[in-house]
$ cat coords-v8.txt   # compact mmCIF, C-alpha atoms
# COMPACT_ATOMS: atom_id res chain seq x y z
CA MET A 1 -82.75 27.63 36.60
CA TYR A 2 -84.32 25.17 34.20
CA ARG A 3 -87.76 26.61 35.08
CA ILE A 4 -86.95 30.20 34.04
CA PRO A 5 -89.50 30.92 31.26
CA VAL A 6 -87.12 32.80 28.94
CA PRO A 7 -83.90 31.74 27.17
CA TYR A 8 -81.38 32.19 30.00
CA LEU A 9 -77.75 31.01 30.03
CA LYS A 10 -75.16 31.09 32.79
CA LEU A 11 -71.58 31.15 31.45
CA THR A 12 -68.02 31.16 32.73
CA GLU A 13 -65.60 33.91 31.66
CA GLU A 14 -64.41 31.53 28.93
CA PHE A 15 -68.02 31.39 27.63
CA LYS A 16 -68.49 27.78 28.74
CA ILE A 17 -72.14 27.05 29.45
CA VAL A 18 -72.74 26.23 33.12
CA ASN A 19 -76.54 26.18 33.21
CA VAL A 20 -79.53 26.99 30.98
CA SER A 21 -83.28 27.45 31.17
CA LYS A 22 -85.63 25.05 29.38
CA PRO A 23 -86.39 27.42 26.43
CA VAL A 24 -82.67 27.32 25.52
CA THR A 25 -82.92 23.57 24.88
CA HIS A 26 -85.63 24.13 22.26
CA LEU A 27 -84.06 27.19 20.67
CA PHE A 28 -80.36 26.31 20.33
CA HIS A 29 -78.35 23.21 19.47
CA PRO A 30 -76.58 21.61 22.44
CA VAL A 31 -73.04 23.04 22.70
CA SER A 32 -70.55 23.43 25.52
CA SER A 33 -69.43 26.97 24.60
CA PHE A 34 -71.78 29.88 23.99
CA LEU A 35 -69.41 31.13 21.29
CA ASP A 36 -70.39 28.07 19.22
CA LEU A 37 -73.88 29.63 18.96
CA VAL A 38 -72.60 33.10 18.03
CA ASP A 39 -72.38 34.02 14.35
CA LEU A 40 -68.83 34.67 13.11
CA ASP A 41 -69.52 38.40 12.60
CA SER A 42 -70.91 38.76 16.15
CA LYS A 43 -68.14 36.96 18.05
CA ALA A 44 -65.97 40.08 18.43
CA LYS A 45 -68.95 41.99 19.79
CA MET A 46 -69.69 39.21 22.29
CA LYS A 47 -66.13 39.32 23.58
CA GLN A 48 -66.61 43.04 24.38
CA ILE A 49 -68.88 42.01 27.24
CA PHE A 50 -65.93 42.37 29.65
CA THR A 51 -65.40 46.04 28.72
CA THR A 52 -69.07 47.01 28.44
CA PRO A 53 -70.86 48.37 31.52
CA SER A 54 -72.92 45.68 33.22
CA PRO A 55 -75.82 45.09 33.26
CA GLY A 56 -76.19 45.83 29.59
CA LYS A 57 -77.55 44.66 26.30
CA MET A 58 -76.28 44.02 22.80
CA GLU A 59 -77.60 42.62 19.56
CA LEU A 60 -76.06 39.42 18.28
CA ASN A 61 -76.73 37.03 15.45
CA LEU A 62 -77.06 33.57 16.97
CA LYS A 63 -77.35 30.14 15.37
CA THR A 64 -80.65 28.49 16.25
CA VAL A 65 -82.22 25.14 15.55
CA ASP A 66 -84.39 26.81 12.88
CA SER A 67 -81.91 29.20 11.27
CA PRO A 68 -78.18 29.67 10.71
CA THR A 69 -78.48 33.30 11.87
CA THR A 70 -81.21 34.92 13.90
CA LEU A 71 -81.09 38.38 15.43
CA PHE A 72 -81.29 38.44 19.23
CA THR A 73 -81.19 41.19 21.81
CA VAL A 74 -78.96 39.77 24.54
CA TYR A 75 -79.32 41.20 28.03
CA PHE A 76 -76.28 40.43 30.16
CA THR A 77 -74.77 40.79 33.58
CA TYR A 78 -71.08 40.13 34.07
CA GLN A 79 -70.06 39.30 37.62
CA SER A 80 -66.29 39.72 37.69
CA LYS A 81 -65.85 38.49 41.30
CA GLU A 82 -67.74 35.27 40.61
CA LYS A 83 -66.31 35.09 37.06
CA LEU A 84 -69.80 34.45 35.68
CA ILE A 85 -71.87 35.86 32.85
CA HIS A 86 -75.67 35.76 32.92
CA LEU A 87 -77.48 36.10 29.57
CA VAL A 88 -81.11 36.42 28.54
CA CYS A 89 -81.59 36.09 24.77
CA MET A 90 -84.69 37.62 23.16
CA ASP A 91 -85.44 36.78 19.51
CA GLU A 92 -85.93 39.98 17.47
CA SER A 93 -86.71 38.44 14.08
CA SER A 94 -90.48 38.63 14.55
CA SER A 95 -90.44 42.42 15.05
CA TYR A 96 -88.42 42.91 11.83
CA ASN A 97 -90.72 40.49 10.01
CA ASN A 98 -93.76 42.53 11.12
CA VAL A 99 -92.22 45.75 9.76
CA GLU A 100 -91.26 43.99 6.52
CA ASN A 101 -94.79 42.59 6.05
CA GLU A 102 -96.38 45.98 6.69
CA TYR A 103 -94.00 47.59 4.22
CA LYS A 104 -94.89 44.98 1.57
CA GLN A 105 -98.60 45.64 2.12
CA TRP A 106 -98.12 49.39 1.69
CA LYS A 107 -96.07 48.88 -1.43
CA GLU A 108 -98.74 46.64 -2.96
CA GLN A 109 -101.52 49.08 -2.05
CA ILE A 110 -99.63 51.96 -3.62
CA ARG A 111 -98.75 49.89 -6.69
CA THR A 112 -102.42 49.05 -7.23
CA ARG A 113 -103.42 52.63 -6.36
CA ASP A 114 -105.41 51.43 -3.36
CA TRP A 115 -104.75 54.52 -1.27
CA SER A 116 -107.62 54.04 1.17
CA GLU A 117 -105.55 52.01 3.64
CA VAL A 118 -102.30 54.01 3.30
CA VAL A 119 -103.57 57.57 2.93
CA PRO A 120 -107.13 58.45 3.91
CA THR A 121 -108.70 60.30 1.01
CA PRO A 122 -111.59 62.55 2.07
CA VAL A 123 -112.05 63.87 -1.46
CA GLU A 124 -110.78 62.41 -4.71
CA THR A 125 -110.66 64.32 -7.95
CA GLU A 126 -111.10 62.75 -11.35
CA ASN A 127 -107.33 63.00 -11.83
CA GLY A 128 -106.52 60.89 -8.76
CA PRO A 129 -105.43 62.01 -5.29
CA ASN A 130 -105.71 65.73 -4.65
CA GLU A 131 -102.84 67.98 -3.50
CA PHE A 132 -103.84 67.65 0.17
CA ASN A 133 -103.61 63.84 -0.03
CA ARG A 134 -100.25 64.01 -1.79
CA LYS A 135 -98.81 66.26 0.90
CA GLN A 136 -100.24 64.04 3.62
CA ALA A 137 -98.67 60.95 1.97
CA GLU A 138 -95.32 62.74 1.58
CA ARG A 139 -95.42 63.66 5.28
CA LYS A 140 -96.03 60.02 6.16
CA ILE A 141 -93.09 58.99 3.97
CA THR A 142 -90.92 61.56 5.76
CA THR A 143 -92.06 60.13 9.11
CA ILE A 144 -91.14 56.62 7.96
CA ASN A 145 -87.71 57.87 6.85
CA ASP A 146 -87.25 59.50 10.28
CA LEU A 147 -88.17 56.23 12.01
CA LEU A 148 -85.73 54.36 9.78
CA GLY A 149 -83.04 56.77 10.93
CA ILE A 150 -83.75 55.74 14.52
CA ILE A 151 -83.24 52.02 13.82
CA GLN A 152 -80.44 52.53 11.29
CA GLU A 153 -77.68 52.13 13.90
CA ASP A 154 -79.19 48.86 15.16
CA LEU A 155 -79.45 47.44 11.65
CA THR A 156 -75.93 48.60 10.81
CA GLU A 157 -74.61 46.74 13.86
CA VAL A 158 -76.15 43.48 12.62
CA GLY A 159 -75.07 43.97 9.03
CA LYS A 160 -78.55 44.75 7.67
CA LEU A 161 -78.01 48.36 6.50
CA GLU A 162 -78.95 47.34 2.95
CA TYR A 163 -82.56 46.87 4.15
CA ILE A 164 -82.81 50.53 5.16
CA LYS A 165 -81.30 51.63 1.85
CA LEU A 166 -83.82 49.46 -0.02
CA ILE A 167 -86.75 50.85 1.99
CA GLN A 168 -85.55 54.43 1.47
CA SER A 169 -85.20 53.79 -2.26
CA GLU A 170 -88.73 52.40 -2.42
CA LEU A 171 -90.06 55.40 -0.46
CA ASN A 172 -88.35 57.76 -2.91
CA ASP A 173 -90.03 55.87 -5.76
CA ILE A 174 -93.37 56.32 -4.02
CA LYS A 175 -92.70 60.05 -3.63
CA GLY A 176 -92.02 60.16 -7.38
CA ILE A 177 -95.41 58.55 -8.03
CA LEU A 178 -97.11 61.07 -5.74
CA ARG A 179 -95.62 64.14 -7.41
CA PRO A 180 -97.95 65.54 -10.04
CA SER A 181 -96.55 65.40 -13.56
CA ASN A 182 -96.58 68.83 -15.14

$ encode --input "coords-v8.txt" --output "structure tokens"
Amino acid sequence: MYRIPVPYLKLTEEFKIVNVSKPVTHLFHPVSSFLDLVDLDSKAKMKQIFTTPSPGKMELNLKTVDSPTTLFTVYFTYQSKEKLIHLVCMDESSSYNNVENEYKQWKEQIRTRDWSEVVPTPVETENGPNEFNRKQAERKITTINDLLGIIQEDLTEVGKLEYIKLIQSELNDIKGILRPSN
């Protein structure tokens, strides 16, 4: 099992670690119980593994060598007859970091009125973006809000709902900038 190329853990029903793959040794501190790696707020969710259909997946905040809490998607199989739990832990922080970086770039471009990257502007008027460009930008903002709605449940589960509220607030501010002042 040590040769499995992803973070894999084999546990007993008491969450004692029986075996791990090599990536686990670089990612997590050495512990005897998997629950020692699980963030306090995620422990109750982890214990639901016995009542959740298997195979399944859940998101947990785990303690890593690099961070006190890192978001992981944990794929699991619970084998009740063998009294074993098999876990594969996939780090999700990079995907959230990518979205956050893209959002920061858009915000800076809008703040500096550099619309060319955010909203293609076929024709500019002397007063700034024309009505077509404003409507196109507002549609894109609506699309972003819709996409946020899709991931809202996942972020709520990991206690990160405030990020969505912040993004939605910033998008509303951008909409305010786009609206022509009469």

$ residues_around --input "coords-v8.txt" --residues "Ile151 of chain A" --least-positions-apart "5" --cutoff "12 Å" --atoms "only C-alpha atoms" --output "VMD selection string"
chain A and resid 96 99 144 to 146 156 to 158 160 to 161 163 to 164

$ closest_residue --input "coords-v8.txt" --among "A:Asn172, A:Thr25, A:Ser80, A:Thr52" --to "Thr64 of chain A" --atoms "all atoms listed in the file"
A:Thr25

$ atom_distance --input "coords-v8.txt" --atom1 "atom CA of Val6 of chain A" --atom2 "atom CA of Ser42 of chain A"
21.5 Å

$ atom_distance --input "coords-v8.txt" --atom1 "atom CA of Pro30 of chain A" --atom2 "atom CA of Pro53 of chain A"
28.8 Å

$ residues_around --input "coords-v8.txt" --residues "Met46 of chain A" --least-positions-apart "4" --cutoff "10 Å" --atoms "only C-alpha atoms" --output "PyMOL selection string"
chain A and resi 15+34-35+38-39+41-42+50+52+58-60+74

$ closest_residue --input "coords-v8.txt" --among "A:Lys16, A:Pro5, A:Pro23, A:Glu153" --to "Ile85 of chain A" --atoms "only C-alpha atoms"
A:Lys16

$ residues_near_point --input "coords-v8.txt" --point "(-80.3, 41.5, 16.6)" --cutoff "8 Å" --atoms "all atoms listed in the file" --output "ChimeraX atom specification"
/A:58-61,70-73,91-93,154-155,158

$ atom_distance --input "coords-v8.txt" --atom1 "atom CA of Tyr75 of chain A" --atom2 "atom CA of Cys89 of chain A"
6.5 Å

$ residues_around --input "coords-v8.txt" --residues "Lys165 of chain A" --least-positions-apart "5" --cutoff "10 Å" --atoms "all atoms listed in the file" --output "PDB file with C-alpha atoms, in the coordinates of the input"
ATOM      1  CA  LEU A 148     -85.730  54.360   9.780  1.00  0.00           C
ATOM      2  CA  GLN A 152     -80.440  52.530  11.290  1.00  0.00           C
ATOM      3  CA  LYS A 160     -78.550  44.750   7.670  1.00  0.00           C
ATOM      4  CA  GLU A 170     -88.730  52.400  -2.420  1.00  0.00           C
ATOM      5  CA  LEU A 171     -90.060  55.400  -0.460  1.00  0.00           C
TER       6      LEU A 171
END

$ residues_around --input "coords-v8.txt" --residues "Asp66 of chain A" --least-positions-apart "4" --cutoff "10 Å" --atoms "all atoms listed in the file" --output "PDB file with C-alpha atoms, in the coordinates of the input"
ATOM      1  CA  HIS A  26     -85.630  24.130  22.260  1.00  0.00           C
ATOM      2  CA  LEU A  27     -84.060  27.190  20.670  1.00  0.00           C
ATOM      3  CA  PHE A  28     -80.360  26.310  20.330  1.00  0.00           C
ATOM      4  CA  HIS A  29     -78.350  23.210  19.470  1.00  0.00           C
ATOM      5  CA  THR A  70     -81.210  34.920  13.900  1.00  0.00           C
TER       6      THR A  70
END

$ residues_around --input "coords-v8.txt" --residues "Asn19 of chain A" --least-positions-apart "5" --cutoff "12 Å" --atoms "all atoms listed in the file" --output "short mmCIF file (atom, residue, chain, number, x, y, z; two decimals) with C-alpha atoms, in the coordinates of the input"
data_model
loop_
_atom_site.label_atom_id
_atom_site.label_comp_id
_atom_site.auth_asym_id
_atom_site.auth_seq_id
_atom_site.Cartn_x
_atom_site.Cartn_y
_atom_site.Cartn_z
CA MET A 1 -82.75 27.63 36.60
CA TYR A 2 -84.32 25.17 34.20
CA ARG A 3 -87.76 26.61 35.08
CA ILE A 4 -86.95 30.20 34.04
CA PRO A 7 -83.90 31.74 27.17
CA TYR A 8 -81.38 32.19 30.00
CA LEU A 9 -77.75 31.01 30.03
CA LYS A 10 -75.16 31.09 32.79
CA LEU A 11 -71.58 31.15 31.45
CA THR A 12 -68.02 31.16 32.73
CA VAL A 24 -82.67 27.32 25.52
CA THR A 25 -82.92 23.57 24.88
CA PRO A 30 -76.58 21.61 22.44
CA VAL A 31 -73.04 23.04 22.70
CA SER A 32 -70.55 23.43 25.52
CA SER A 33 -69.43 26.97 24.60
CA PHE A 34 -71.78 29.88 23.99
CA LEU A 84 -69.80 34.45 35.68
CA ILE A 85 -71.87 35.86 32.85
CA HIS A 86 -75.67 35.76 32.92
CA LEU A 87 -77.48 36.10 29.57
#

$ closest_residue --input "coords-v8.txt" --among "A:Ile174, A:Val20, A:Glu14, A:Leu37" --to "Arg134 of chain A" --atoms "only C-alpha atoms"
A:Ile174

$ closest_residue --input "coords-v8.txt" --among "A:Arg179, A:Ser169, A:Thr112, A:Gly159" --to "Asn133 of chain A" --atoms "only C-alpha atoms"
A:Arg179

$ closest_residue --input "coords-v8.txt" --among "A:Lys83, A:Glu162, A:Asp173, A:Lys45" --to "Val18 of chain A" --atoms "all atoms listed in the file"
A:Lys83
